[in-house]
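As stored in data15.cif (mmCIF, C-alpha atoms):
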```cif
data_coords
#
loop_
_atom_site.group_PDB
_atom_site.id
_atom_site.type_symbol
_atom_site.label_atom_id
_atom_site.label_comp_id
_atom_site.auth_asym_id
_atom_site.auth_seq_id
_atom_site.Cartn_x
_atom_site.Cartn_y
_atom_site.Cartn_z
ATOM 1 C CA MET A 1 -2.565 4.743 5.971
ATOM 2 C CA LYS A 2 -3.284 1.674 3.856
ATOM 3 C CA THR A 3 -6.900 1.300 5.002
ATOM 4 C CA PRO A 4 -9.534 3.419 3.221
ATOM 5 C CA VAL A 5 -10.906 6.385 5.158
ATOM 6 C CA ALA A 6 -14.451 5.054 4.781
ATOM 7 C CA THR A 7 -13.450 1.805 6.481
ATOM 8 C CA LEU A 8 -11.865 3.732 9.353
ATOM 9 C CA LEU A 9 -14.952 5.947 9.722
ATOM 10 C CA ILE A 10 -17.285 2.954 9.721
ATOM 11 C CA LEU A 11 -15.048 1.266 12.303
ATOM 12 C CA ALA A 12 -15.050 4.344 14.542
ATOM 13 C CA ALA A 13 -18.840 4.579 14.314
ATOM 14 C CA ALA A 14 -19.232 0.851 15.012
ATOM 15 C CA VAL A 15 -17.057 1.028 18.120
ATOM 16 C CA PHE A 16 -18.779 4.219 19.300
ATOM 17 C CA PHE A 17 -22.265 2.779 18.964
ATOM 18 C CA ALA A 18 -21.263 -0.607 20.399
ATOM 19 C CA MET A 19 -19.790 1.028 23.500
ATOM 20 C CA ARG A 20 -22.689 3.379 24.300
ATOM 21 C CA PRO A 21 -23.356 3.393 28.049
ATOM 22 C CA ARG A 22 -27.051 2.695 27.651
ATOM 23 C CA ALA A 23 -26.486 -0.559 25.820
ATOM 24 C CA SER A 24 -23.987 -3.349 26.276
ATOM 25 C CA PRO A 25 -22.208 -4.429 23.097
ATOM 26 C CA PRO A 26 -23.959 -7.293 21.360
ATOM 27 C CA PHE A 27 -22.398 -10.731 21.334
ATOM 28 C CA ALA A 28 -21.593 -10.370 17.611
ATOM 29 C CA PHE A 29 -19.405 -7.369 18.440
ATOM 30 C CA TRP A 30 -17.262 -9.460 20.794
ATOM 31 C CA VAL A 31 -17.078 -12.391 18.358
ATOM 32 C CA ALA A 32 -15.437 -10.042 15.851
ATOM 33 C CA ALA A 33 -13.572 -7.713 18.222
ATOM 34 C CA VAL A 34 -11.756 -10.305 20.347
ATOM 35 C CA PRO A 35 -9.881 -11.984 17.450
ATOM 36 C CA ILE A 36 -8.942 -8.566 16.068
ATOM 37 C CA ALA A 37 -7.593 -7.402 19.437
ATOM 38 C CA ALA A 38 -5.785 -10.700 20.085
ATOM 39 C CA TYR A 39 -4.086 -10.725 16.688
ATOM 40 C CA LEU A 40 -3.067 -7.083 16.925
ATOM 41 C CA ALA A 41 -1.672 -7.616 20.430
ATOM 42 C CA MET A 42 0.414 -10.567 19.209
ATOM 43 C CA SER A 43 1.631 -8.778 16.106
ATOM 44 C CA MET A 44 2.654 -5.693 18.088
ATOM 45 C CA THR A 45 4.971 -7.793 20.238
ATOM 46 C CA ALA A 46 6.575 -9.527 17.236
ATOM 47 C CA HIS A 47 10.013 -8.448 16.176
ATOM 48 C CA ILE A 48 9.120 -8.602 12.490
ATOM 49 C CA ASN A 49 7.779 -5.693 10.498
ATOM 50 C CA LEU A 50 7.353 -6.546 6.861
ATOM 51 C CA GLY A 51 4.370 -4.415 6.010
ATOM 52 C CA LEU A 52 0.633 -4.486 6.154
ATOM 53 C CA ARG A 53 0.345 -7.955 4.628
ATOM 54 C CA HIS A 54 1.244 -9.388 8.034
ATOM 55 C CA ALA A 55 -1.752 -7.640 9.586
ATOM 56 C CA LEU A 56 -4.346 -8.842 7.064
ATOM 57 C CA ALA A 57 -5.577 -11.791 9.148
ATOM 58 C CA PRO A 58 -8.037 -9.714 11.244
ATOM 59 C CA TYR A 59 -9.607 -8.041 8.194
ATOM 60 C CA PRO A 60 -12.382 -10.657 7.702
ATOM 61 C CA PHE A 61 -13.404 -10.120 11.341
ATOM 62 C CA LEU A 62 -13.176 -6.368 10.847
ATOM 63 C CA PHE A 63 -15.456 -6.437 7.814
ATOM 64 C CA ALA A 64 -17.938 -8.716 9.611
ATOM 65 C CA LEU A 65 -17.974 -6.201 12.469
ATOM 66 C CA LEU A 66 -18.481 -3.293 10.088
ATOM 67 C CA GLY A 67 -21.245 -5.073 8.196
ATOM 68 C CA ALA A 68 -23.043 -5.936 11.419
ATOM 69 C CA ALA A 69 -22.804 -2.315 12.539
ATOM 70 C CA MET A 70 -24.030 -0.903 9.238
ATOM 71 C CA VAL A 71 -27.190 -3.042 9.321
ATOM 72 C CA HIS A 72 -28.485 -0.670 11.997
ATOM 73 C CA TRP A 73 -27.670 2.518 10.073
ATOM 74 C CA ARG A 74 -30.083 4.583 8.080
ATOM 75 C CA ALA A 75 -29.848 3.609 4.433
ATOM 76 C CA ARG A 76 -28.512 6.985 3.293
ATOM 77 C CA TYR A 77 -25.580 6.821 5.747
ATOM 78 C CA ALA A 78 -24.723 3.264 4.766
ATOM 79 C CA LEU A 79 -24.870 4.183 1.070
ATOM 80 C CA ALA A 80 -22.733 7.282 1.654
ATOM 81 C CA ALA A 81 -20.098 5.195 3.463
ATOM 82 C CA CYS A 82 -20.124 2.567 0.711
ATOM 83 C CA GLY A 83 -19.900 5.314 -1.941
ATOM 84 C CA LEU A 84 -16.908 6.882 -0.198
ATOM 85 C CA LEU A 85 -15.222 3.485 0.035
ATOM 86 C CA ALA A 86 -15.864 2.781 -3.660
ATOM 87 C CA ALA A 87 -14.649 6.222 -4.731
ATOM 88 C CA GLU A 88 -11.422 6.005 -2.739
ATOM 89 C CA SER A 89 -10.729 2.478 -3.960
ATOM 90 C CA LEU A 90 -11.499 3.183 -7.615
ATOM 91 C CA ALA A 91 -9.418 6.373 -7.604
ATOM 92 C CA VAL A 92 -6.235 4.313 -7.348
ATOM 93 C CA TYR A 93 -7.244 1.697 -9.945
ATOM 94 C CA PRO A 94 -5.314 -0.295 -11.164
ATOM 95 C CA ASN A 95 -2.415 0.523 -8.835
ATOM 96 C CA TYR A 96 -3.770 -1.024 -5.645
ATOM 97 C CA LEU A 97 -0.368 -1.820 -4.146
ATOM 98 C CA ALA A 98 0.409 1.915 -4.118
ATOM 99 C CA PHE A 99 -2.858 2.697 -2.290
ATOM 100 C CA PHE A 100 -2.646 5.120 0.607
ATOM 101 C CA ASN A 101 -5.813 6.653 1.975
ATOM 102 C CA ALA A 102 -6.886 10.241 1.366
ATOM 103 C CA ALA A 103 -6.217 11.213 4.995
ATOM 104 C CA VAL A 104 -2.453 10.852 4.470
ATOM 105 C CA GLY A 105 -2.507 12.386 1.002
ATOM 106 C CA GLY A 106 -3.157 9.392 -1.233
ATOM 107 C CA PRO A 107 -0.637 7.363 -3.231
ATOM 108 C CA SER A 108 1.571 10.336 -4.101
ATOM 109 C CA ALA A 109 2.246 10.947 -0.394
ATOM 110 C CA GLY A 110 2.717 7.267 0.443
ATOM 111 C CA PRO A 111 6.518 7.144 0.218
ATOM 112 C CA ARG A 112 6.752 9.729 3.010
ATOM 113 C CA TYR A 113 5.298 7.125 5.368
ATOM 114 C CA LEU A 114 6.061 3.630 4.083
ATOM 115 C CA LEU A 115 8.387 2.080 1.524
ATOM 116 C CA ASP A 116 9.677 -1.363 0.657
ATOM 117 C CA SER A 117 6.943 -3.940 0.047
ATOM 118 C CA ASN A 118 4.227 -1.563 1.249
ATOM 119 C CA ILE A 119 4.455 0.289 -2.054
ATOM 120 C CA ASP A 120 7.079 -1.147 -4.369
ATOM 121 C CA TRP A 121 7.542 -4.649 -5.727
ATOM 122 C CA GLY A 122 8.850 -3.532 -9.098
ATOM 123 C CA GLN A 123 5.282 -3.815 -10.394
ATOM 124 C CA ASP A 124 5.645 -1.030 -12.949
ATOM 125 C CA VAL A 125 8.216 -2.701 -15.189
ATOM 126 C CA LEU A 126 5.599 -3.238 -17.910
ATOM 127 C CA LYS A 127 4.565 0.430 -17.679
ATOM 128 C CA LEU A 128 8.210 1.428 -17.997
ATOM 129 C CA LYS A 129 8.555 -0.737 -21.116
ATOM 130 C CA SER A 130 5.371 0.794 -22.593
ATOM 131 C CA TRP A 131 6.723 4.270 -21.862
ATOM 132 C CA MET A 132 10.026 3.374 -23.534
ATOM 133 C CA ASP A 133 8.277 1.979 -26.613
ATOM 134 C CA ALA A 134 5.958 4.984 -26.953
ATOM 135 C CA ARG A 135 8.947 7.351 -26.986
ATOM 136 C CA GLY A 136 11.402 5.230 -28.934
ATOM 137 C CA VAL A 137 13.722 4.905 -25.921
ATOM 138 C CA LYS A 138 15.986 1.878 -26.405
ATOM 139 C CA GLN A 139 17.534 1.741 -22.943
ATOM 140 C CA VAL A 140 17.320 3.382 -19.539
ATOM 141 C CA CYS A 141 19.743 3.732 -16.672
ATOM 142 C CA HIS A 142 17.998 1.743 -13.993
ATOM 143 C CA CYS A 143 17.912 1.192 -10.278
ATOM 144 C CA TYR A 144 15.282 -1.485 -9.825
ATOM 145 C CA PHE A 145 13.668 -2.733 -6.603
ATOM 146 C CA GLY A 146 12.503 -6.227 -7.419
ATOM 147 C CA SER A 147 13.682 -9.679 -8.344
ATOM 148 C CA ALA A 148 12.401 -10.015 -11.919
ATOM 149 C CA ASP A 149 14.879 -10.044 -14.789
ATOM 150 C CA LEU A 150 14.391 -6.674 -16.496
ATOM 151 C CA THR A 151 15.757 -7.961 -19.806
ATOM 152 C CA TYR A 152 12.885 -10.470 -19.935
ATOM 153 C CA TYR A 153 10.550 -7.476 -20.246
ATOM 154 C CA GLY A 154 12.793 -5.726 -22.757
ATOM 155 C CA VAL A 155 14.168 -3.156 -20.332
ATOM 156 C CA THR A 156 17.900 -2.793 -20.865
ATOM 157 C CA GLY A 157 20.586 -0.297 -20.029
ATOM 158 C CA PRO A 158 23.393 0.467 -17.616
ATOM 159 C CA GLU A 159 23.208 0.999 -13.891
ATOM 160 C CA THR A 160 22.396 4.454 -12.643
ATOM 161 C CA PRO A 161 25.560 6.492 -12.163
ATOM 162 C CA PRO A 162 26.599 6.493 -8.489
ATOM 163 C CA THR A 163 27.481 10.169 -8.156
ATOM 164 C CA PRO A 164 26.514 13.413 -9.905
ATOM 165 C CA ASP A 165 29.987 13.796 -11.421
ATOM 166 C CA LYS A 166 29.574 10.429 -13.220
ATOM 167 C CA ARG A 167 26.126 11.241 -14.625
ATOM 168 C CA GLY A 168 27.632 13.076 -17.574
ATOM 169 C CA ASP A 169 29.310 9.825 -18.672
ATOM 170 C CA VAL A 170 26.024 8.235 -19.745
ATOM 171 C CA ASP A 171 23.271 9.360 -22.066
ATOM 172 C CA CYS A 172 20.025 7.817 -20.914
ATOM 173 C CA PHE A 173 16.827 8.358 -19.008
ATOM 174 C CA ALA A 174 16.943 7.240 -15.362
ATOM 175 C CA ALA A 175 14.315 4.754 -14.151
ATOM 176 C CA ILE A 176 14.459 4.353 -10.373
ATOM 177 C CA SER A 177 12.062 2.362 -8.208
ATOM 178 C CA VAL A 178 10.520 4.374 -5.384
ATOM 179 C CA THR A 179 12.217 2.502 -2.528
ATOM 180 C CA PRO A 180 15.823 3.157 -3.614
ATOM 181 C CA LEU A 181 14.787 6.616 -4.847
ATOM 182 C CA TYR A 182 14.026 7.504 -1.235
ATOM 183 C CA GLY A 183 17.282 5.865 -0.145
ATOM 184 C CA VAL A 184 15.733 3.263 2.111
ATOM 185 C CA THR A 185 15.683 -0.486 1.863
ATOM 186 C CA SER A 186 15.824 -3.356 4.272
ATOM 187 C CA ARG A 187 16.835 -5.791 1.539
ATOM 188 C CA PRO A 188 19.736 -4.409 -0.532
ATOM 189 C CA ALA A 189 20.224 -7.781 -2.203
ATOM 190 C CA ILE A 190 17.115 -7.290 -4.355
ATOM 191 C CA ILE A 191 17.989 -3.829 -5.612
ATOM 192 C CA ASN A 192 19.298 -4.415 -9.105
ATOM 193 C CA GLY A 193 21.359 -1.941 -11.085
ATOM 194 C CA CYS A 194 21.858 0.575 -8.285
ATOM 195 C CA ALA A 195 25.473 1.580 -8.370
ATOM 196 C CA ARG A 196 26.858 2.251 -4.932
#
```
Here is a file; write its structure as structure tokens.
Amino acid sequence: MKTPVATLLILAAAVFFAMRPRASPPFAFWVAAVPIAAYLAMSMTAHINLGLRHALAPYPFLFALLGAAMVHWRARYALAACGLLAAESLAVYPNYLAFFNAAVGGPSAGPRYLLDSNIDWGQDVLKLKSWMDARGVKQVCHCYFGSADLTYYGVTGPETPPTPDKRGDVDCFAAISVTPLYGVTSRPAIINGCAR
């Protein structure tokens, strides 16, 4: 989900060609594949799941494996794979934290699969402030997933009303981070302004 489709396709091709019956995998394949497999095996038995950042350690080995595999490709296939990777990566610029690959529907479909730190660190506070300034909005009702002080960025306003019957008591736009918007969080202590 968080790995570009081009990377997954290159990986599948690399494994396929490395495991062909008529040729044994080269030593370079095992140098890269063994650390990846060992790390993934260890991480799958861990009782911690805090997002993709805990699985980033094997990526250098993965990219070495992919590069070694692509050396043997025809130039047009290698360029097509690199073009696909560049296109998918640039399409989400500059919101890389919200990246989800095209196979799962891109960033707009991301919250259906992963939340919390996989997509939301409160990184759009500056965009919210720019939006407020552009429209002359002085305050917003907020439910913020993050630890930064919103007033430091000039974002002020009351908490979001807890129930629909209380929403008529306030006159403001609602600004809600994606994690609490979907009603899921593993760390309620860092959700600021979310009335319960």
Atomic distance atom CA of Pro111 of chain A - atom CA of Val178 of chain A, expressed in Å with one decimal: 7.4 Å
Please write as a VMD selection string the full residue list that the PyMOL selection byres ((chain A and resi 28-35) around 12) yields on this file. chain A and resid 11 14 to 19 24 to 27 36 to 42 57 to 69
Would you kindly translate the PyMOL selection byres ((chain A and resi 3) around 10) into the concrete residues it picks from this file, as a compact mmCIF listing (two decimals) with C-alpha atoms, in the frame of the given file?
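Ended up saving to result.txt:
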```
# COMPACT_ATOMS: atom_id res chain seq x y z
CA MET A 1 -2.56 4.74 5.97
CA LYS A 2 -3.28 1.67 3.86
CA PRO A 4 -9.53 3.42 3.22
CA VAL A 5 -10.91 6.38 5.16
CA ALA A 6 -14.45 5.05 4.78
CA THR A 7 -13.45 1.80 6.48
CA LEU A 8 -11.86 3.73 9.35
CA LEU A 52 0.63 -4.49 6.15
CA LEU A 85 -15.22 3.48 0.04
CA SER A 89 -10.73 2.48 -3.96
CA PHE A 99 -2.86 2.70 -2.29
CA PHE A 100 -2.65 5.12 0.61
CA ASN A 101 -5.81 6.65 1.98
CA ALA A 102 -6.89 10.24 1.37
CA ALA A 103 -6.22 11.21 5.00
```
One number please: atom CA of Arg135 of chain A to atom CA of Phe173 of chain A, in Å, one decimal. 11.3 Å
Just checking: using all atoms listed in the file, which residue out of A:Gly105, A:Asp124, A:Ala12, A:Arg74 ends up closest to Glu88 of chain A?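 Nearest candidate to Glu88 of chain A out of A:Gly105, A:Asp124, A:Ala12, A:Arg74: A:Gly105.
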Complete segment 52-69 of chain A at the level of N, CA, C and O atoms, written as a PDB file, in the frame of the given file.
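Printed below is rebuild.pdb as written:
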```pdb
ATOM      1  N   LEU A  52       2.031  -4.256   5.814  1.00  0.00           N
ATOM      2  CA  LEU A  52       0.633  -4.486   6.154  1.00  0.00           C
ATOM      3  C   LEU A  52       0.187  -5.921   5.901  1.00  0.00           C
ATOM      4  O   LEU A  52      -0.702  -6.418   6.578  1.00  0.00           O
ATOM      5  N   ARG A  53       0.801  -6.598   4.958  1.00  0.00           N
ATOM      6  CA  ARG A  53       0.345  -7.955   4.628  1.00  0.00           C
ATOM      7  C   ARG A  53       0.379  -8.883   5.831  1.00  0.00           C
ATOM      8  O   ARG A  53      -0.338  -9.866   5.878  1.00  0.00           O
ATOM      9  N   HIS A  54       1.196  -8.566   6.832  1.00  0.00           N
ATOM     10  CA  HIS A  54       1.244  -9.388   8.034  1.00  0.00           C
ATOM     11  C   HIS A  54       0.126  -9.044   9.017  1.00  0.00           C
ATOM     12  O   HIS A  54      -0.035  -9.720  10.023  1.00  0.00           O
ATOM     13  N   ALA A  55      -0.624  -8.012   8.719  1.00  0.00           N
ATOM     14  CA  ALA A  55      -1.752  -7.640   9.586  1.00  0.00           C
ATOM     15  C   ALA A  55      -3.086  -7.852   8.884  1.00  0.00           C
ATOM     16  O   ALA A  55      -4.100  -7.324   9.314  1.00  0.00           O
ATOM     17  N   LEU A  56      -3.109  -8.630   7.816  1.00  0.00           N
ATOM     18  CA  LEU A  56      -4.346  -8.842   7.064  1.00  0.00           C
ATOM     19  C   LEU A  56      -5.272  -9.878   7.700  1.00  0.00           C
ATOM     20  O   LEU A  56      -6.462  -9.891   7.403  1.00  0.00           O
ATOM     21  N   ALA A  57      -4.757 -10.727   8.552  1.00  0.00           N
ATOM     22  CA  ALA A  57      -5.577 -11.791   9.148  1.00  0.00           C
ATOM     23  C   ALA A  57      -6.838 -11.282   9.852  1.00  0.00           C
ATOM     24  O   ALA A  57      -7.896 -11.911   9.745  1.00  0.00           O
ATOM     25  N   PRO A  58      -6.806 -10.159  10.573  1.00  0.00           N
ATOM     26  CA  PRO A  58      -8.037  -9.714  11.244  1.00  0.00           C
ATOM     27  C   PRO A  58      -9.054  -9.031  10.321  1.00  0.00           C
ATOM     28  O   PRO A  58     -10.171  -8.764  10.747  1.00  0.00           O
ATOM     29  N   TYR A  59      -8.689  -8.771   9.073  1.00  0.00           N
ATOM     30  CA  TYR A  59      -9.607  -8.041   8.194  1.00  0.00           C
ATOM     31  C   TYR A  59     -10.960  -8.722   7.986  1.00  0.00           C
ATOM     32  O   TYR A  59     -11.986  -8.047   7.967  1.00  0.00           O
ATOM     33  N   PRO A  60     -11.045 -10.049   7.821  1.00  0.00           N
ATOM     34  CA  PRO A  60     -12.382 -10.657   7.702  1.00  0.00           C
ATOM     35  C   PRO A  60     -13.254 -10.379   8.941  1.00  0.00           C
ATOM     36  O   PRO A  60     -14.452 -10.097   8.814  1.00  0.00           O
ATOM     37  N   PHE A  61     -12.650 -10.430  10.118  1.00  0.00           N
ATOM     38  CA  PHE A  61     -13.404 -10.120  11.341  1.00  0.00           C
ATOM     39  C   PHE A  61     -13.805  -8.646  11.359  1.00  0.00           C
ATOM     40  O   PHE A  61     -14.899  -8.293  11.778  1.00  0.00           O
ATOM     41  N   LEU A  62     -12.894  -7.797  10.907  1.00  0.00           N
ATOM     42  CA  LEU A  62     -13.176  -6.368  10.847  1.00  0.00           C
ATOM     43  C   LEU A  62     -14.364  -6.090   9.928  1.00  0.00           C
ATOM     44  O   LEU A  62     -15.286  -5.361  10.291  1.00  0.00           O
ATOM     45  N   PHE A  63     -14.362  -6.698   8.754  1.00  0.00           N
ATOM     46  CA  PHE A  63     -15.456  -6.437   7.814  1.00  0.00           C
ATOM     47  C   PHE A  63     -16.770  -7.040   8.297  1.00  0.00           C
ATOM     48  O   PHE A  63     -17.845  -6.481   8.040  1.00  0.00           O
ATOM     49  N   ALA A  64     -16.713  -8.167   9.008  1.00  0.00           N
ATOM     50  CA  ALA A  64     -17.938  -8.716   9.611  1.00  0.00           C
ATOM     51  C   ALA A  64     -18.477  -7.747  10.657  1.00  0.00           C
ATOM     52  O   ALA A  64     -19.696  -7.494  10.725  1.00  0.00           O
ATOM     53  N   LEU A  65     -17.579  -7.177  11.451  1.00  0.00           N
ATOM     54  CA  LEU A  65     -17.974  -6.201  12.469  1.00  0.00           C
ATOM     55  C   LEU A  65     -18.593  -4.962  11.813  1.00  0.00           C
ATOM     56  O   LEU A  65     -19.639  -4.468  12.246  1.00  0.00           O
ATOM     57  N   LEU A  66     -17.973  -4.483  10.774  1.00  0.00           N
ATOM     58  CA  LEU A  66     -18.481  -3.293  10.088  1.00  0.00           C
ATOM     59  C   LEU A  66     -19.827  -3.560   9.432  1.00  0.00           C
ATOM     60  O   LEU A  66     -20.741  -2.724   9.492  1.00  0.00           O
ATOM     61  N   GLY A  67     -19.960  -4.719   8.814  1.00  0.00           N
ATOM     62  CA  GLY A  67     -21.245  -5.073   8.196  1.00  0.00           C
ATOM     63  C   GLY A  67     -22.356  -5.185   9.224  1.00  0.00           C
ATOM     64  O   GLY A  67     -23.471  -4.700   9.010  1.00  0.00           O
ATOM     65  N   ALA A  68     -22.037  -5.806  10.356  1.00  0.00           N
ATOM     66  CA  ALA A  68     -23.043  -5.936  11.419  1.00  0.00           C
ATOM     67  C   ALA A  68     -23.445  -4.573  11.958  1.00  0.00           C
ATOM     68  O   ALA A  68     -24.613  -4.335  12.278  1.00  0.00           O
ATOM     69  N   ALA A  69     -22.503  -3.661  12.048  1.00  0.00           N
ATOM     70  CA  ALA A  69     -22.804  -2.315  12.539  1.00  0.00           C
ATOM     71  C   ALA A  69     -23.649  -1.542  11.537  1.00  0.00           C
ATOM     72  O   ALA A  69     -24.594  -0.841  11.903  1.00  0.00           O
TER      73      ALA A  69
END
```
